[in-house]
file structure-v4.txt (compact mmCIF, C-alpha atoms)
# COMPACT_ATOMS: atom_id res chain seq x y z
CA MET A 1 54.06 -5.84 -57.10
CA ASP A 2 51.16 -3.40 -57.04
CA ILE A 3 48.64 -2.12 -54.52
CA ARG A 4 45.95 -4.46 -55.78
CA ALA A 5 48.20 -7.49 -55.16
CA LEU A 6 48.87 -6.29 -51.61
CA ARG A 7 45.13 -5.85 -51.01
CA TYR A 8 44.44 -9.40 -52.22
CA PHE A 9 47.19 -10.82 -50.04
CA VAL A 10 46.13 -8.96 -46.89
CA GLU A 11 42.48 -9.87 -47.34
CA LEU A 12 43.38 -13.53 -47.87
CA VAL A 13 45.39 -13.65 -44.65
CA ARG A 14 42.70 -11.85 -42.69
CA GLU A 15 39.95 -14.18 -43.92
CA GLN A 16 42.12 -17.31 -43.75
CA SER A 17 40.13 -18.62 -46.70
CA PHE A 18 40.39 -18.27 -50.47
CA THR A 19 36.61 -18.61 -50.67
CA ARG A 20 35.78 -15.87 -48.16
CA ALA A 21 38.51 -13.59 -49.57
CA SER A 22 37.17 -13.98 -53.11
CA GLU A 23 33.64 -13.15 -51.93
CA LYS A 24 34.82 -10.06 -50.10
CA LEU A 25 37.00 -8.86 -52.98
CA PHE A 26 34.43 -9.76 -55.66
CA VAL A 27 36.98 -11.77 -57.66
CA THR A 28 37.37 -15.47 -58.37
CA GLN A 29 39.54 -17.78 -56.26
CA PRO A 30 41.82 -18.57 -59.24
CA THR A 31 42.45 -14.81 -59.64
CA ILE A 32 43.65 -14.56 -56.02
CA SER A 33 45.76 -17.71 -56.37
CA LYS A 34 47.39 -16.39 -59.52
CA MET A 35 48.10 -13.00 -57.90
CA ILE A 36 49.77 -14.69 -54.91
CA ARG A 37 51.90 -16.91 -57.17
CA ASN A 38 53.00 -13.88 -59.18
CA MET A 39 54.05 -12.13 -55.98
CA GLU A 40 56.03 -15.15 -54.85
CA GLU A 41 57.80 -15.34 -58.23
CA GLU A 42 58.55 -11.62 -58.14
CA LEU A 43 59.97 -11.84 -54.61
CA GLY A 44 61.74 -15.11 -55.22
CA GLN A 45 60.42 -16.73 -52.04
CA PRO A 46 57.21 -18.38 -50.84
CA LEU A 47 54.68 -16.41 -48.85
CA LEU A 48 52.34 -19.25 -47.88
CA ASN A 49 52.81 -22.79 -46.56
CA ARG A 50 49.99 -24.58 -48.36
CA GLU A 51 48.37 -27.58 -46.69
CA GLY A 52 45.45 -28.61 -48.90
CA ARG A 53 42.83 -25.92 -48.55
CA ARG A 54 44.54 -24.48 -45.48
CA PHE A 55 47.66 -22.35 -45.37
CA THR A 56 49.99 -20.61 -42.94
CA LEU A 57 52.38 -17.72 -43.48
CA THR A 58 56.06 -18.21 -44.08
CA ASP A 59 58.51 -15.81 -42.41
CA SER A 60 58.50 -13.76 -45.61
CA GLY A 61 54.71 -13.87 -45.66
CA ARG A 62 54.53 -12.48 -42.10
CA VAL A 63 56.92 -9.61 -42.97
CA LEU A 64 54.93 -8.79 -46.09
CA PHE A 65 51.60 -8.99 -44.26
CA ASN A 66 52.73 -6.55 -41.54
CA ARG A 67 54.25 -4.10 -43.99
CA ALA A 68 51.37 -4.38 -46.44
CA GLN A 69 48.85 -3.41 -43.75
CA THR A 70 50.82 -0.23 -43.08
CA ILE A 71 51.14 0.58 -46.79
CA LEU A 72 47.43 0.03 -47.42
CA ALA A 73 46.49 2.17 -44.41
CA GLU A 74 48.70 4.98 -45.71
CA MET A 75 47.20 4.64 -49.18
CA GLN A 76 43.70 4.88 -47.70
CA GLN A 77 44.78 7.97 -45.74
CA LEU A 78 46.15 9.50 -48.94
CA GLU A 79 42.92 8.79 -50.82
CA ASP A 80 40.88 10.30 -47.97
CA GLU A 81 43.04 13.43 -47.87
CA LEU A 82 42.83 13.87 -51.64
CA ALA A 83 39.06 13.43 -51.48
CA ASP A 84 38.89 16.05 -48.71
CA LEU A 85 40.92 18.45 -50.84
CA GLN A 86 38.64 17.85 -53.78
CA SER A 87 35.63 18.65 -51.60
CA LEU A 88 37.55 21.53 -49.91
CA LYS A 89 37.30 20.10 -46.42
CA HIS A 90 41.00 20.87 -46.12
CA GLY A 91 43.52 22.94 -48.02
CA ARG A 92 45.31 26.27 -48.10
CA LEU A 93 44.86 29.58 -49.87
CA THR A 94 47.36 32.45 -49.75
CA LEU A 95 45.70 35.65 -50.92
CA GLY A 96 47.47 38.95 -51.51
CA ILE A 97 45.61 42.17 -50.71
CA PRO A 98 46.96 45.76 -50.75
CA PRO A 99 46.36 47.56 -47.41
CA MET A 100 43.64 49.83 -48.86
CA VAL A 101 41.69 46.95 -50.36
CA GLY A 102 41.15 44.72 -47.32
CA HIS A 103 38.11 46.50 -45.87
CA VAL A 104 36.43 46.64 -49.31
CA TYR A 105 36.39 42.84 -49.54
CA ALA A 106 35.99 41.90 -45.88
CA ASP A 107 32.53 40.47 -46.63
CA LEU A 108 33.88 38.41 -49.53
CA ILE A 109 36.66 37.00 -47.35
CA ARG A 110 34.15 36.18 -44.61
CA ALA A 111 31.90 34.45 -47.15
CA TYR A 112 34.81 32.25 -48.29
CA ARG A 113 35.68 31.31 -44.70
CA THR A 114 32.04 30.50 -43.97
CA ARG A 115 31.68 28.33 -47.06
CA TYR A 116 35.05 26.54 -46.62
CA PRO A 117 35.85 26.57 -42.88
CA GLY A 118 38.44 23.79 -43.26
CA VAL A 119 40.60 25.83 -45.65
CA GLU A 120 43.50 27.67 -44.03
CA LEU A 121 43.31 31.21 -45.43
CA SER A 122 46.44 33.38 -45.24
CA LEU A 123 46.15 37.08 -46.12
CA VAL A 124 49.32 38.91 -47.16
CA GLU A 125 49.39 42.70 -47.41
CA TYR A 126 51.64 44.13 -50.13
CA GLY A 127 51.49 47.16 -52.39
CA GLY A 128 50.21 46.52 -55.91
CA ARG A 129 53.62 46.23 -57.60
CA ARG A 130 54.99 43.80 -55.00
CA ILE A 131 51.77 41.77 -55.21
CA GLU A 132 52.19 41.18 -58.94
CA GLN A 133 55.69 39.79 -58.46
CA ALA A 134 54.63 37.66 -55.49
CA VAL A 135 51.88 36.05 -57.60
CA LEU A 136 54.27 35.38 -60.48
CA GLU A 137 56.91 33.93 -58.15
CA GLY A 138 54.41 31.57 -56.51
CA GLU A 139 54.50 33.22 -53.09
CA LEU A 140 50.78 34.01 -53.46
CA ASP A 141 48.12 31.78 -55.02
CA LEU A 142 46.25 34.82 -56.29
CA ALA A 143 45.64 38.42 -55.27
CA ILE A 144 43.29 41.36 -55.47
CA THR A 145 44.93 44.46 -56.91
CA MET A 146 44.44 47.52 -59.11
CA LEU A 147 44.04 46.81 -62.80
CA PRO A 148 45.44 46.80 -65.41
CA THR A 149 48.68 45.11 -64.33
CA ARG A 150 52.17 45.61 -65.68
CA GLU A 151 52.39 41.88 -66.42
CA GLU A 152 49.31 41.45 -68.59
CA ALA A 153 51.00 38.78 -70.74
CA ALA A 154 51.75 36.59 -67.72
CA LEU A 155 48.71 37.19 -65.52
CA SER A 156 45.05 36.29 -65.88
CA THR A 157 42.56 38.78 -64.44
CA LEU A 158 38.99 38.84 -63.20
CA ASP A 159 37.39 42.28 -62.83
CA LEU A 160 35.57 42.91 -59.56
CA ASP A 161 34.74 46.59 -59.01
CA CYS A 162 35.55 50.07 -60.28
CA TYR A 163 35.43 53.19 -58.09
CA PRO A 164 36.23 56.85 -58.80
CA ILE A 165 39.24 58.53 -57.18
CA ARG A 166 38.43 61.66 -55.16
CA VAL A 167 40.78 64.52 -54.43
CA VAL A 168 40.93 65.27 -50.68
CA LEU A 169 41.74 68.89 -49.87
CA PRO A 170 42.07 71.00 -46.71
CA ASP A 171 38.92 72.88 -45.73
CA LEU A 172 39.76 76.25 -47.27
CA PRO A 173 37.27 78.58 -49.02
CA ARG A 174 39.04 78.28 -52.36
CA TRP A 175 38.34 74.54 -52.44
CA HIS A 176 34.67 74.72 -51.54
CA GLY A 177 32.22 73.40 -54.12
CA ASP A 178 31.05 70.19 -55.76
CA ALA A 179 32.29 70.60 -59.33
CA PRO A 180 35.03 68.26 -60.57
CA LEU A 181 38.59 69.56 -60.29
CA ARG A 182 41.02 69.25 -63.15
CA LEU A 183 44.42 67.84 -62.27
CA ASP A 184 46.21 70.77 -63.86
CA ALA A 185 44.36 73.06 -61.42
CA LEU A 186 46.33 71.33 -58.68
CA GLN A 187 49.78 71.53 -60.25
CA ASP A 188 50.97 74.17 -57.76
CA GLU A 189 49.73 72.20 -54.75
CA PRO A 190 51.95 69.82 -52.74
CA PHE A 191 50.84 66.22 -53.33
CA LEU A 192 50.54 63.67 -50.52
CA LEU A 193 50.82 60.27 -52.17
CA TYR A 194 51.09 56.62 -51.32
CA THR A 195 54.54 55.07 -51.51
CA ARG A 196 55.86 53.90 -54.87
CA ALA A 197 54.90 50.32 -54.01
CA PHE A 198 51.27 51.30 -54.62
CA THR A 199 49.87 51.14 -58.14
CA LEU A 200 47.59 54.09 -57.41
CA SER A 201 50.59 56.41 -56.92
CA GLU A 202 52.03 55.40 -60.27
CA ARG A 203 48.69 56.01 -62.02
CA LEU A 204 48.35 59.44 -60.43
CA GLU A 205 51.84 60.48 -61.50
CA GLN A 206 51.14 59.23 -65.03
CA ALA A 207 47.89 61.22 -65.11
CA CYS A 208 49.76 64.37 -64.00
CA GLN A 209 52.31 63.88 -66.78
CA GLN A 210 49.47 63.51 -69.30
CA ALA A 211 48.03 66.76 -67.92
CA GLY A 212 51.37 68.45 -68.65
CA PHE A 213 53.09 68.74 -65.28
CA GLU A 214 55.23 66.87 -62.73
CA PRO A 215 53.57 66.73 -59.31
CA GLN A 216 55.30 68.32 -56.32
CA VAL A 217 55.35 65.39 -53.89
CA ALA A 218 55.50 66.70 -50.32
CA ALA A 219 55.31 63.31 -48.59
CA ARG A 220 54.54 59.64 -49.16
CA SER A 221 53.00 57.10 -46.81
CA SER A 222 51.57 53.60 -46.95
CA GLN A 223 48.80 54.62 -44.53
CA TRP A 224 45.77 56.49 -45.85
CA ASP A 225 44.83 57.84 -42.42
CA PHE A 226 48.27 59.44 -42.08
CA LEU A 227 47.87 61.05 -45.51
CA ILE A 228 44.51 62.48 -44.41
CA ALA A 229 46.01 63.80 -41.17
CA MET A 230 48.58 65.67 -43.27
CA VAL A 231 45.81 67.09 -45.49
CA ARG A 232 43.98 68.35 -42.39
CA SER A 233 47.18 70.02 -41.21
CA GLY A 234 47.34 71.94 -44.49
CA MET A 235 50.41 70.14 -45.90
CA GLY A 236 48.85 69.43 -49.27
CA VAL A 237 46.25 67.38 -51.17
CA ALA A 238 45.70 63.62 -51.32
CA PHE A 239 43.83 61.26 -53.63
CA LEU A 240 41.75 58.39 -52.31
CA PRO A 241 39.32 55.85 -53.79
CA GLU A 242 35.66 56.42 -53.03
CA PRO A 243 35.33 53.44 -50.60
CA VAL A 244 38.12 54.91 -48.46
CA CYS A 245 36.56 58.39 -48.66
CA ARG A 246 33.36 56.97 -47.18
CA ARG A 247 35.30 56.19 -44.01
CA LEU A 248 36.47 59.77 -43.53
CA THR A 249 34.98 62.20 -41.05
CA PRO A 250 34.32 65.39 -43.01
CA ASP A 251 35.67 67.93 -40.49
CA GLY A 252 38.62 69.86 -41.87
CA LEU A 253 38.31 68.28 -45.33
CA VAL A 254 36.83 68.99 -48.75
CA LEU A 255 36.23 66.10 -51.15
CA ARG A 256 35.91 66.79 -54.87
CA PRO A 257 35.66 64.57 -57.96
CA LEU A 258 38.43 64.66 -60.56
CA ALA A 259 38.10 65.62 -64.20
CA PRO A 260 38.74 63.63 -66.23
CA GLU A 261 37.74 60.86 -63.85
CA LEU A 262 40.50 58.60 -62.57
CA SER A 263 39.27 55.12 -61.66
CA TRP A 264 40.30 52.60 -59.02
CA ARG A 265 39.64 49.39 -60.96
CA LEU A 266 40.04 46.29 -58.82
CA GLY A 267 40.31 42.65 -59.82
CA VAL A 268 41.79 39.26 -59.03
CA ILE A 269 45.08 38.22 -60.64
CA TRP A 270 46.70 34.79 -61.00
CA PRO A 271 49.42 33.27 -63.22
CA LYS A 272 48.31 32.14 -66.66
CA GLU A 273 50.74 29.22 -66.91
CA ARG A 274 50.53 27.75 -63.40
CA TYR A 275 48.25 25.08 -61.97
CA LEU A 276 45.46 26.55 -59.86
CA SER A 277 44.65 24.74 -56.65
CA ARG A 278 41.08 23.75 -55.83
CA THR A 279 41.06 26.38 -53.08
CA ALA A 280 42.08 29.08 -55.57
CA GLU A 281 39.45 27.91 -58.07
CA ALA A 282 36.86 28.10 -55.29
CA TRP A 283 37.90 31.71 -54.55
CA LEU A 284 37.48 32.67 -58.21
CA ALA A 285 34.11 30.92 -58.36
CA LEU A 286 32.93 32.90 -55.33
CA CYS A 287 34.19 36.16 -56.86
CA ARG A 288 32.29 35.44 -60.08
CA GLU A 289 29.19 34.56 -58.10
CA ARG A 290 29.33 37.76 -56.00
CA HIS A 291 30.37 40.10 -58.82
CA GLN A 292 28.24 39.07 -61.77
CA PRO A 293 27.39 41.91 -64.17
CA HIS A 294 24.00 43.46 -63.41
call {"tool": "encode", "arguments": {"input": "structure-v4.txt", "output": "structure tokens"}}
result
Amino acid sequence: MDIRALRYFVELVREQSFTRASEKLFVTQPTISKMIRNMEEELGQPLLNREGRRFTLTDSGRVLFNRAQTILAEMQQLEDELADLQSLKHGRLTLGIPPMVGHVYADLIRAYRTRYPGVELSLVEYGGRRIEQAVLEGELDLAITMLPTREEAALSTLDLDCYPIRVVLPDLPRWHGDAPLRLDALQDEPFLLYTRAFTLSERLEQACQQAGFEPQVAARSSQWDFLIAMVRSGMGVAFLPEPVCRRLTPDGLVLRPLAPELSWRLGVIWPKERYLSRTAEAWLALCRERHQPH
């Protein structure tokens, strides 16, 4: 027994006429008759009491009619829901964003919500390393993070933006100036870094090693404003991406470029081998639309 057979049967009972049912279903009367006979043979019991051109339902026919109406209504609901998902009237998207990144893409997130108001958007804040694992484990549909990733073989990426990293120093005469600072010129300074969960911290430590020294880490924090407060107090130096530096009030601080330049390259990541939902595909499409090369 299939859904089409149930539709034929229900329509026949509702119309109380093979002729009217065939007109409504756009099939011939013999087709409906054959479908009903096949159902009766499959069930092993009659569904209709036939009296010439008229018919009534048997007890089995009444049970089937009642249940078939429910099944067909649920099927229609399923089809409607799937159509809504396809057109993104409903759905879910779980997006991972490191704490520093959220304000950079607030407009992009707002644009997605405006375009797809029926999609339930969940934002999860993790450091870059935790974000990669959460995407691979299926906890997140996709994420924005610092590139390149550790899991390049398993993750697809879409580049968004690239910003320089600035060194943030206490306002002391020896730091005044605009010229780029070499990392090795800072090797005797205490470093104020993000926690190890942040990709940026790992990149900075790798850059120090390439410059020939191990940084003296005075403190770590997951909050950039706390790091800046410690710089102002004279505890050491911090390193922040340019978009975050724009949010700083300059009093008590000196901002200098680094040489060689260290970049904060941001992009979207998602698993290469996993099905992407329509909501996730829509996010990627919006990212491509908003971040086309100039």
call {"tool": "closest_residue", "arguments": {"input": "structure-v4.txt", "among": "A:Glu120, A:Asp251, A:Glu11, A:Glu214", "to": "Phe191 in chain A", "atoms": "only C-alpha atoms"}}
result
A:Glu214
call {"tool": "closest_atom_pairs", "arguments": {"input": "structure-v4.txt", "of": "range 216-249 of chain A", "to": "range 259-276 of chain A", "cutoff": "12 Å", "atoms": "all atoms listed in the file", "output": "CSV"}}
result
residue,atom,partner,partner_atom,distance
A:Phe239,CA,A:Leu262,CA,9.9
A:Leu240,CA,A:Trp264,CA,9.0
A:Pro241,CA,A:Trp264,CA,6.2
A:Glu242,CA,A:Trp264,CA,8.5
A:Pro243,CA,A:Trp264,CA,9.8
A:Val244,CA,A:Trp264,CA,11.0
call {"tool": "atom_distance", "arguments": {"input": "structure-v4.txt", "atom1": "CA of Asp188 in chain A", "atom2": "CA of Pro173 in chain A"}}
result
16.8 Å
call {"tool": "closest_residue", "arguments": {"input": "structure-v4.txt", "among": "A:Ile36, A:Leu57, A:Leu255, A:Val231", "to": "Ala179 in chain A", "atoms": "only C-alpha atoms"}}
result
A:Leu255
call {"tool": "atom_distance", "arguments": {"input": "structure-v4.txt", "atom1": "CA of Phe226 in chain A", "atom2": "CA of Leu193 in chain A"}}
result
10.4 Å
call {"tool": "atom_distance", "arguments": {"input": "structure-v4.txt", "atom1": "CA of Val237 in chain A", "atom2": "CA of Val167 in chain A"}}
result
7.0 Å
call {"tool": "closest_residue", "arguments": {"input": "structure-v4.txt", "among": "A:Ser156, A:Ile97, A:Thr279, A:Met230", "to": "Ile144 in chain A", "atoms": "all atoms listed in the file"}}
result
A:Ile97
call {"tool": "residues_near_point", "arguments": {"input": "structure-v4.txt", "point": "(49.8, -16.1, -50.4)", "cutoff": "9 Å", "atoms": "all atoms listed in the file", "output": "PyMOL selection string"}}
result
chain A and resi 8-10+12-13+32-33+35-37+39-40+46-50+55-57+61
call {"tool": "residues_around", "arguments": {"input": "structure-v4.txt", "residues": "Ala282 in chain A", "least_positions_apart": "4", "cutoff": "12 Å", "atoms": "only C-alpha atoms", "output": "short mmCIF file (atom, residue, chain, number, x, y, z; two decimals) with C-alpha atoms, in the frame of the given file"}}
result
data_model
loop_
_atom_site.label_atom_id
_atom_site.label_comp_id
_atom_site.auth_asym_id
_atom_site.auth_seq_id
_atom_site.Cartn_x
_atom_site.Cartn_y
_atom_site.Cartn_z
CA LEU A 85 40.92 18.45 -50.84
CA GLN A 86 38.64 17.85 -53.78
CA SER A 87 35.63 18.65 -51.60
CA LEU A 88 37.55 21.53 -49.91
CA LYS A 89 37.30 20.10 -46.42
CA GLY A 91 43.52 22.94 -48.02
CA ARG A 92 45.31 26.27 -48.10
CA LEU A 93 44.86 29.58 -49.87
CA ILE A 109 36.66 37.00 -47.35
CA ALA A 111 31.90 34.45 -47.15
CA TYR A 112 34.81 32.25 -48.29
CA ARG A 113 35.68 31.31 -44.70
CA ARG A 115 31.68 28.33 -47.06
CA TYR A 116 35.05 26.54 -46.62
CA VAL A 119 40.60 25.83 -45.65
CA ASP A 141 48.12 31.78 -55.02
CA LEU A 142 46.25 34.82 -56.29
CA LEU A 276 45.46 26.55 -59.86
CA SER A 277 44.65 24.74 -56.65
CA ARG A 278 41.08 23.75 -55.83
CA LEU A 286 32.93 32.90 -55.33
CA CYS A 287 34.19 36.16 -56.86
CA ARG A 288 32.29 35.44 -60.08
CA GLU A 289 29.19 34.56 -58.10
#
call {"tool": "closest_residue", "arguments": {"input": "structure-v4.txt", "among": "A:Pro164, A:Glu152, A:Glu139, A:Gly236", "to": "Gln187 in chain A", "atoms": "only C-alpha atoms"}}
result
A:Gly236
call {"tool": "closest_residue", "arguments": {"input": "structure-v4.txt", "among": "A:Val217, A:Tyr126, A:Ala5, A:Arg14", "to": "Arg62 in chain A", "atoms": "all atoms listed in the file"}}
result
A:Arg14
call {"tool": "closest_residue", "arguments": {"input": "structure-v4.txt", "among": "A:Leu78, A:Ala154, A:Ala197, A:Leu64", "to": "Glu125 in chain A", "atoms": "all atoms listed in the file"}}
result
A:Ala197
call {"tool": "axis_aligned_box", "arguments": {"input": "structure-v4.txt", "around": "range 203-222 of chain A", "padding_each_side": "5 Å", "output": "lines of an AutoDock Vina configuration file"}}
result
center_x = 51.7
center_y = 61.2
center_z = -58.1
size_x = 17.6
size_y = 25.1
size_z = 32.5
call {"tool": "decode", "arguments": {"input": "structure-v4.txt", "residues": "range 249-260 of chain A", "atoms": "all heavy atoms", "output": "mmCIF file, in the first residue's frame"}}
result
data_model
loop_
_atom_site.group_PDB
_atom_site.id
_atom_site.type_symbol
_atom_site.label_atom_id
_atom_site.label_comp_id
_atom_site.auth_asym_id
_atom_site.auth_seq_id
_atom_site.Cartn_x
_atom_site.Cartn_y
_atom_site.Cartn_z
ATOM 1 N N THR A 249 40.572 53.562 23.418
ATOM 2 C CA THR A 249 40.842 54.974 23.671
ATOM 3 C C THR A 249 42.353 55.118 23.825
ATOM 4 O O THR A 249 42.984 54.303 24.508
ATOM 5 C CB THR A 249 40.119 55.447 24.941
ATOM 6 O OG1 THR A 249 40.455 54.566 26.025
ATOM 7 C CG2 THR A 249 38.608 55.434 24.749
ATOM 8 N N PRO A 250 42.945 56.118 23.205
ATOM 9 C CA PRO A 250 44.411 56.164 23.113
ATOM 10 C C PRO A 250 45.132 56.533 24.402
ATOM 11 O O PRO A 250 46.350 56.363 24.477
ATOM 12 C CB PRO A 250 44.646 57.236 22.037
ATOM 13 C CG PRO A 250 43.438 58.112 22.096
ATOM 14 C CD PRO A 250 42.301 57.217 22.471
ATOM 15 N N ASP A 251 44.448 57.066 25.409
ATOM 16 C CA ASP A 251 45.140 57.533 26.608
ATOM 17 C C ASP A 251 45.882 56.381 27.285
ATOM 18 O O ASP A 251 45.323 55.318 27.528
ATOM 19 C CB ASP A 251 44.152 58.176 27.590
ATOM 20 C CG ASP A 251 42.978 57.268 27.917
ATOM 21 O OD1 ASP A 251 42.254 56.893 26.971
ATOM 22 O OD2 ASP A 251 42.815 56.898 29.100
ATOM 23 N N GLY A 252 47.150 56.640 27.593
ATOM 24 C CA GLY A 252 47.970 55.665 28.292
ATOM 25 C C GLY A 252 48.514 54.561 27.419
ATOM 26 O O GLY A 252 49.132 53.617 27.924
ATOM 27 N N LEU A 253 48.323 54.656 26.096
ATOM 28 C CA LEU A 253 48.733 53.578 25.193
ATOM 29 C C LEU A 253 49.533 54.118 24.015
ATOM 30 O O LEU A 253 49.345 55.258 23.581
ATOM 31 C CB LEU A 253 47.510 52.829 24.642
ATOM 32 C CG LEU A 253 46.575 52.156 25.638
ATOM 33 C CD1 LEU A 253 45.358 51.599 24.899
ATOM 34 C CD2 LEU A 253 47.288 51.043 26.402
ATOM 35 N N VAL A 254 50.386 53.264 23.475
ATOM 36 C CA VAL A 254 51.070 53.515 22.209
ATOM 37 C C VAL A 254 50.824 52.305 21.322
ATOM 38 O O VAL A 254 51.013 51.166 21.752
ATOM 39 C CB VAL A 254 52.586 53.726 22.416
ATOM 40 C CG1 VAL A 254 53.293 53.798 21.063
ATOM 41 C CG2 VAL A 254 52.855 54.973 23.229
ATOM 42 N N LEU A 255 50.375 52.559 20.095
ATOM 43 C CA LEU A 255 50.129 51.469 19.144
ATOM 44 C C LEU A 255 51.150 51.557 18.024
ATOM 45 O O LEU A 255 51.317 52.616 17.410
ATOM 46 C CB LEU A 255 48.719 51.557 18.572
ATOM 47 C CG LEU A 255 47.596 50.884 19.369
ATOM 48 C CD1 LEU A 255 47.357 51.595 20.684
ATOM 49 C CD2 LEU A 255 46.299 50.836 18.579
ATOM 50 N N ARG A 256 51.813 50.432 17.758
ATOM 51 C CA ARG A 256 52.822 50.398 16.702
ATOM 52 C C ARG A 256 52.590 49.185 15.805
ATOM 53 O O ARG A 256 52.153 48.124 16.269
ATOM 54 C CB ARG A 256 54.226 50.312 17.327
ATOM 55 C CG ARG A 256 54.602 51.454 18.262
ATOM 56 C CD ARG A 256 55.209 52.621 17.525
ATOM 57 N NE ARG A 256 56.486 52.308 16.914
ATOM 58 C CZ ARG A 256 57.668 52.416 17.547
ATOM 59 N NH1 ARG A 256 57.723 52.824 18.803
ATOM 60 N NH2 ARG A 256 58.789 52.143 16.905
ATOM 61 N N PRO A 257 52.917 49.305 14.520
ATOM 62 C CA PRO A 257 52.875 48.119 13.643
ATOM 63 C C PRO A 257 54.036 47.184 13.955
ATOM 64 O O PRO A 257 55.021 47.588 14.584
ATOM 65 C CB PRO A 257 52.990 48.706 12.238
ATOM 66 C CG PRO A 257 53.616 50.040 12.422
ATOM 67 C CD PRO A 257 53.262 50.540 13.793
ATOM 68 N N LEU A 258 53.886 45.944 13.525
ATOM 69 C CA LEU A 258 54.944 44.935 13.710
ATOM 70 C C LEU A 258 55.712 44.735 12.419
ATOM 71 O O LEU A 258 55.169 44.874 11.325
ATOM 72 C CB LEU A 258 54.321 43.598 14.135
ATOM 73 C CG LEU A 258 53.992 43.414 15.608
ATOM 74 C CD1 LEU A 258 53.194 42.126 15.801
ATOM 75 C CD2 LEU A 258 55.263 43.375 16.451
ATOM 76 N N ALA A 259 56.983 44.382 12.576
ATOM 77 C CA ALA A 259 57.813 44.039 11.414
ATOM 78 C C ALA A 259 58.575 42.745 11.733
ATOM 79 O O ALA A 259 59.245 42.681 12.752
ATOM 80 C CB ALA A 259 58.773 45.167 11.107
ATOM 81 N N PRO A 260 58.457 41.727 10.895
ATOM 82 C CA PRO A 260 57.551 41.679 9.733
ATOM 83 C C PRO A 260 56.099 41.636 10.197
ATOM 84 O O PRO A 260 55.810 41.267 11.324
ATOM 85 C CB PRO A 260 57.961 40.386 9.029
ATOM 86 C CG PRO A 260 58.513 39.534 10.117
ATOM 87 C CD PRO A 260 59.213 40.462 11.072
#
